[in-house]
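So this one's start07.tsv, TSV, C-alpha atoms:
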```tsv
chain	number	residue	atom	x	y	z
A	653	MET	CA	67.91	186.72	69.37
A	654	SER	CA	67.49	185.34	65.87
A	655	ARG	CA	64.02	184.01	66.78
A	656	SER	CA	62.98	187.48	67.94
A	657	ILE	CA	64.17	189.01	64.68
A	658	ILE	CA	62.27	186.41	62.62
A	659	LYS	CA	59.07	186.98	64.64
A	660	TYR	CA	59.42	190.74	64.20
A	661	PHE	CA	59.94	190.33	60.46
A	662	LEU	CA	56.88	188.08	60.14
A	663	LEU	CA	54.75	190.55	62.09
A	664	CYS	CA	55.85	193.37	59.75
A	665	VAL	CA	54.97	191.30	56.66
A	666	VAL	CA	51.52	190.36	58.04
A	667	GLY	CA	50.88	193.97	59.07
A	668	PHE	CA	51.85	195.28	55.64
A	669	CYS	CA	49.61	192.77	53.85
A	670	TYR	CA	46.71	193.61	56.14
A	671	ALA	CA	47.22	197.33	55.53
A	672	GLN	CA	47.25	196.78	51.76
A	673	ASP	CA	43.99	194.81	51.93
A	674	SER	CA	42.32	197.32	54.21
A	675	ILE	CA	43.06	200.40	52.04
A	676	PRO	CA	40.02	200.93	49.77
A	677	LYS	CA	40.82	201.06	46.06
A	678	TYR	CA	39.47	204.15	44.29
A	679	LYS	CA	37.39	203.40	41.21
A	680	GLU	CA	37.42	205.91	38.37
A	681	ARG	CA	34.29	206.82	36.45
A	682	TYR	CA	33.97	205.92	32.78
A	683	SER	CA	31.43	208.29	31.32
A	684	LEU	CA	29.76	209.68	28.22
A	685	ARG	CA	29.72	213.48	27.90
A	686	LEU	CA	27.33	215.33	25.60
A	687	GLY	CA	27.25	219.03	24.94
A	688	ILE	CA	27.11	221.99	22.58
A	689	ASP	CA	29.73	224.30	21.13
A	690	MET	CA	28.84	227.71	22.59
A	691	SER	CA	31.07	229.60	20.14
A	692	LYS	CA	28.42	229.16	17.42
A	693	PRO	CA	25.53	230.93	19.28
A	694	ILE	CA	27.98	233.66	20.38
A	695	ARG	CA	29.13	234.10	16.78
A	696	MET	CA	25.52	234.39	15.57
A	697	MET	CA	24.96	237.26	18.01
A	698	ILE	CA	27.99	239.28	16.91
A	699	GLU	CA	28.36	238.34	13.22
A	700	GLU	CA	25.90	239.20	10.50
A	701	ASN	CA	24.85	236.65	7.89
A	702	TYR	CA	26.00	233.62	9.92
A	703	LYS	CA	24.13	230.64	11.37
A	704	GLY	CA	25.66	227.61	13.04
A	705	LEU	CA	25.07	224.79	15.50
A	706	GLU	CA	27.43	222.07	16.75
A	707	PHE	CA	26.95	219.15	19.14
A	708	THR	CA	29.94	217.58	20.90
A	709	ALA	CA	30.52	214.21	22.57
A	710	ASP	CA	33.32	212.21	24.16
A	711	TYR	CA	33.61	208.81	25.79
A	712	ARG	CA	36.38	207.65	28.10
A	713	LEU	CA	38.18	204.59	26.72
A	714	THR	CA	41.15	204.28	29.09
A	715	HIS	CA	42.71	206.22	31.94
A	716	ASN	CA	43.87	209.07	29.66
A	717	LEU	CA	42.31	208.31	26.26
A	718	TYR	CA	38.92	209.59	25.07
A	719	LEU	CA	36.99	208.95	21.87
A	720	ALA	CA	35.63	212.34	20.75
A	721	SER	CA	33.39	213.68	17.99
A	722	GLU	CA	31.50	216.74	16.79
A	723	MET	CA	28.56	217.13	14.40
A	724	GLY	CA	27.13	220.39	13.16
A	725	MET	CA	25.84	222.68	10.44
A	726	GLU	CA	26.80	226.13	9.22
A	727	GLU	CA	25.37	228.74	6.87
A	728	LYS	CA	27.47	231.73	5.82
A	729	HIS	CA	26.60	234.64	3.48
A	730	VAL	CA	29.65	236.58	2.31
A	731	ILE	CA	29.30	240.00	0.65
A	732	SER	CA	32.47	241.77	-0.49
A	733	GLU	CA	33.59	244.14	-3.24
A	734	VAL	CA	34.21	241.26	-5.62
A	735	LEU	CA	31.87	238.47	-4.50
A	736	ASP	CA	28.42	237.79	-3.13
A	737	PHE	CA	27.97	234.10	-2.28
A	738	GLN	CA	26.34	231.78	0.28
A	739	THR	CA	27.58	228.49	1.68
A	740	SER	CA	25.50	226.02	3.71
A	741	GLY	CA	25.95	222.42	4.77
A	742	ARG	CA	26.69	219.81	7.42
A	743	TYR	CA	29.90	218.32	8.80
A	744	ALA	CA	31.08	215.56	11.13
A	745	LYS	CA	34.36	215.00	12.99
A	746	ILE	CA	35.74	212.00	14.87
A	747	GLY	CA	39.03	211.41	16.65
A	748	VAL	CA	40.67	211.09	20.06
A	749	ASP	CA	41.62	213.32	22.99
A	750	ILE	CA	44.65	212.48	25.15
A	751	ASN	CA	44.68	213.85	28.69
A	752	VAL	CA	48.17	214.86	29.83
A	753	PHE	CA	47.06	216.32	33.18
A	754	LYS	CA	47.56	214.27	36.36
A	755	ASN	CA	44.40	214.71	38.41
A	756	TRP	CA	43.99	214.44	42.13
A	757	GLN	CA	41.82	211.54	43.26
A	758	GLY	CA	38.20	212.23	42.33
A	759	MET	CA	39.01	214.93	39.76
A	760	GLU	CA	38.44	214.46	36.04
A	761	ASN	CA	39.80	217.68	34.55
A	762	GLN	CA	41.77	217.56	31.32
A	763	LEU	CA	44.72	219.27	29.73
A	764	LEU	CA	44.42	217.63	26.36
A	765	THR	CA	45.84	217.22	22.92
A	766	GLY	CA	44.34	215.25	20.06
A	767	PHE	CA	43.17	215.13	16.48
A	768	ARG	CA	40.03	214.81	14.36
A	769	LEU	CA	39.28	213.44	10.91
A	770	ALA	CA	36.51	215.62	9.48
A	771	THR	CA	34.24	215.65	6.44
A	772	SER	CA	31.59	218.02	5.12
A	773	ASN	CA	28.75	217.95	2.62
A	774	HIS	CA	27.67	221.40	1.45
A	775	LYS	CA	26.55	223.65	-1.39
A	776	GLN	CA	27.51	227.14	-2.58
A	777	GLN	CA	25.35	229.74	-4.26
A	778	LEU	CA	26.99	232.48	-6.33
A	779	ASN	CA	24.81	235.60	-6.44
A	780	SER	CA	27.13	238.12	-8.13
A	781	TYR	CA	30.79	238.66	-8.88
A	782	SER	CA	33.29	241.15	-10.31
A	783	ILE	CA	35.64	240.47	-13.17
A	784	ARG	CA	39.27	241.47	-12.93
A	785	GLN	CA	39.83	243.66	-16.00
A	786	LEU	CA	43.27	244.81	-17.06
A	787	GLU	CA	42.12	246.78	-20.11
A	788	HIS	CA	39.78	249.60	-19.09
A	789	TYR	CA	39.39	251.18	-22.53
A	790	TRP	CA	35.97	249.67	-23.20
A	791	GLN	CA	34.66	250.65	-19.74
A	792	GLU	CA	32.76	247.40	-19.43
A	793	ASP	CA	30.69	246.89	-16.30
A	794	LEU	CA	32.80	244.70	-14.04
A	795	ASN	CA	29.95	243.65	-11.72
A	796	LYS	CA	28.14	240.62	-13.08
A	797	THR	CA	24.79	239.57	-11.65
A	798	PRO	CA	23.38	236.38	-13.21
A	799	THR	CA	19.69	236.33	-14.08
A	800	GLU	CA	19.50	233.39	-11.67
A	801	ALA	CA	21.85	232.53	-8.81
A	802	ILE	CA	24.37	229.85	-9.77
A	803	VAL	CA	24.16	226.90	-7.36
A	804	TYR	CA	27.06	224.46	-6.94
A	805	ASP	CA	25.47	221.45	-5.24
A	806	ASP	CA	26.72	218.21	-3.69
A	807	LEU	CA	30.13	219.58	-2.67
A	808	ASN	CA	32.36	217.88	-0.11
A	809	ALA	CA	35.69	218.26	1.64
A	810	MET	CA	37.88	216.24	4.02
A	811	TRP	CA	40.46	217.55	6.47
A	812	LEU	CA	42.49	216.81	9.61
A	813	GLU	CA	42.37	218.86	12.80
A	814	PHE	CA	45.14	219.03	15.41
A	815	LEU	CA	44.09	220.49	18.74
A	816	VAL	CA	45.17	221.52	22.22
A	817	GLY	CA	42.73	222.50	24.94
A	818	VAL	CA	41.30	222.11	28.42
A	819	LYS	CA	38.15	220.69	30.01
A	820	ALA	CA	37.25	221.49	33.60
A	821	GLU	CA	34.35	220.55	35.89
A	822	LEU	CA	32.45	223.70	36.94
A	823	LEU	CA	29.58	221.97	38.76
A	824	LYS	CA	28.92	218.31	39.48
A	825	ASN	CA	28.96	216.54	36.09
A	826	MET	CA	28.96	219.90	34.24
A	827	TYR	CA	32.10	220.65	32.19
A	828	VAL	CA	33.37	223.60	30.19
A	829	GLY	CA	35.93	223.11	27.44
A	830	LEU	CA	38.11	225.31	25.27
A	831	SER	CA	40.27	224.15	22.38
A	832	VAL	CA	42.37	225.75	19.65
A	833	ARG	CA	42.55	223.85	16.38
A	834	MET	CA	44.70	223.83	13.27
A	835	HIS	CA	43.02	222.44	10.14
A	836	TYR	CA	44.74	220.79	7.19
A	837	LEU	CA	42.66	220.27	4.06
A	838	LEU	CA	43.18	216.79	2.57
A	839	ASN	CA	40.89	217.03	-0.44
A	840	GLU	CA	37.79	218.77	-1.76
A	841	LYS	CA	35.42	218.55	-4.71
A	842	GLU	CA	36.60	221.01	-7.32
A	843	ILE	CA	34.27	223.64	-8.79
A	844	ASP	CA	34.72	224.99	-12.32
A	845	HIS	CA	35.56	228.72	-12.32
A	846	PHE	CA	34.84	229.09	-8.57
A	847	ASP	CA	36.72	228.08	-5.42
A	848	ASN	CA	35.45	226.59	-2.17
A	849	LEU	CA	35.92	229.84	-0.26
A	850	TYR	CA	34.05	228.71	2.86
A	851	VAL	CA	33.66	225.09	4.00
A	852	PRO	CA	31.27	224.32	6.92
A	853	GLY	CA	33.29	223.08	9.88
A	854	PHE	CA	36.59	224.08	8.26
A	855	HIS	CA	35.65	227.78	7.98
A	856	LYS	CA	37.44	230.10	5.55
A	857	ALA	CA	39.28	228.20	2.86
A	858	SER	CA	41.96	229.39	0.47
A	859	GLY	CA	43.33	227.92	-2.72
A	860	VAL	CA	46.76	229.24	-1.76
A	861	SER	CA	47.24	227.23	1.47
A	862	PRO	CA	45.58	224.05	2.80
A	863	TRP	CA	45.83	225.32	6.40
A	864	GLY	CA	43.04	226.86	8.46
A	865	ALA	CA	42.25	227.49	12.12
A	866	GLY	CA	39.32	227.32	14.54
A	867	LEU	CA	38.24	227.74	18.15
A	868	ASN	CA	35.75	225.62	20.13
A	869	TYR	CA	34.10	226.62	23.39
A	870	SER	CA	31.96	223.75	24.68
A	871	LEU	CA	29.54	223.20	27.54
A	872	MET	CA	29.05	219.49	28.34
A	873	TYR	CA	27.16	217.27	30.77
A	874	GLN	CA	28.62	213.98	31.97
A	875	PHE	CA	26.62	210.74	32.21
A	876	PRO	CA	28.54	208.20	34.35
A	877	ILE	CA	28.18	204.67	32.96
A	878	PHE	CA	30.39	202.45	35.13
A	879	LYS	CA	33.44	202.50	37.42
A	880	LYS	CA	36.63	200.47	37.36
```
Let me see the file written as structure tokens.
Amino acid sequence: MSRSIIKYFLLCVVGFCYAQDSIPKYKERYSLRLGIDMSKPIRMMIEENYKGLEFTADYRLTHNLYLASEMGMEEKHVISEVLDFQTSGRYAKIGVDINVFKNWQGMENQLLTGFRLATSNHKQQLNSYSIRQLEHYWQEDLNKTPTEAIVYDDLNAMWLEFLVGVKAELLKNMYVGLSVRMHYLLNEKEIDHFDNLYVPGFHKASGVSPWGAGLNYSLMYQFPIFKK
């Protein structure tokens, strides 16, 4: 009886080992994705005095960790009751995305969170401005238009972005992404008598609060590099 039990046990062990060896191991793709932020062309169509372009990229480092970056340029002309100014420049962002979504085998969709460290290099041109006047007795003209536009060149800023978003495969190797971002301004080059009211990549800035917000809508193509 004991011999029969031992034989049965050995057969089970051999069968289990054989089954483990015979099951094919699935290899995941490690890829580079390149794309464009579609929110910029959409914004150009619906918003006057705005131009922008942004390229996006990410590379899979581990099972759930991606190295990600964006590079772009923006030009914004703001005309209000008190100011007429233009801002133009370039920016770059680098950081990581963490996928918290558990995919089925063969899927590479993402529910992600992450951050970016960003920097910009830009210039501002002041065309006209209004002076806040408390004493109206002299009836001085409050609108000031310089004989030549005042250009503030070689400006820069640095900020952090915290994001949540999704990326999903629409067609084979074609992905669409959407992310909401909170910006925190770390530092900026100060301007005498004029604030950095718009920073490319950061968007509208305020001297009152270092916080800002943004939205990215990306279309990306995946280039598989290797599997493991």
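Distance check against Tyr743 of chain A using only C-alpha atoms: of A:Ala720, A:Ala709, A:Leu763, A:Met810, the minimum falls on A:Met810.
Atom to atom, atom CA of Asn701 of chain A and atom CA of Ser732 of chain A stand 12.4 Å apart.
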**OP:** For Phe767 of chain A, work out the shell of residues within 12 Å, counting only C-alpha atoms and skipping chain neighbours fewer than 6 positions away, then give it as a ChimeraX atom specification.
**Re:** /A:717-722,745-750,811-817,831-836
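Distances here use only C-alpha atoms; by that measure, the residue among A:Ile688, A:Val734, A:Leu838, A:Val818 closest to Tyr873 of chain A is A:Ile688.
Minimum atom-to-atom distance to Ser782 of chain A, evaluated using only C-alpha atoms, belongs to A:Leu735 out of A:Leu735, A:Leu823, A:Leu807, A:Ala744.
From atom CA of Lys692 of chain A back to atom CA of Leu705 of chain A, the distance works out to 5.8 Å.
The spacing separating atom CA of Glu700 of chain A from atom CA of Leu686 of chain A amounts to 28.3 Å.
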Subject >> Exercise: residues within 10 Å of coordinate (30.1, 208.9, 32.4), counting only C-alpha atoms, as a ChimeraX atom specification >> reply: /A:680-686,710-712,825,873-879
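Near Asn716 of chain A, within 10 Å and counting all atoms listed in the file, sit Asp749, Ile750, Asn751, Val752, Phe753, Lys754, Glu760, Gln762 and Leu764 of chain A; same-chain residues fewer than 6 positions away were not included.
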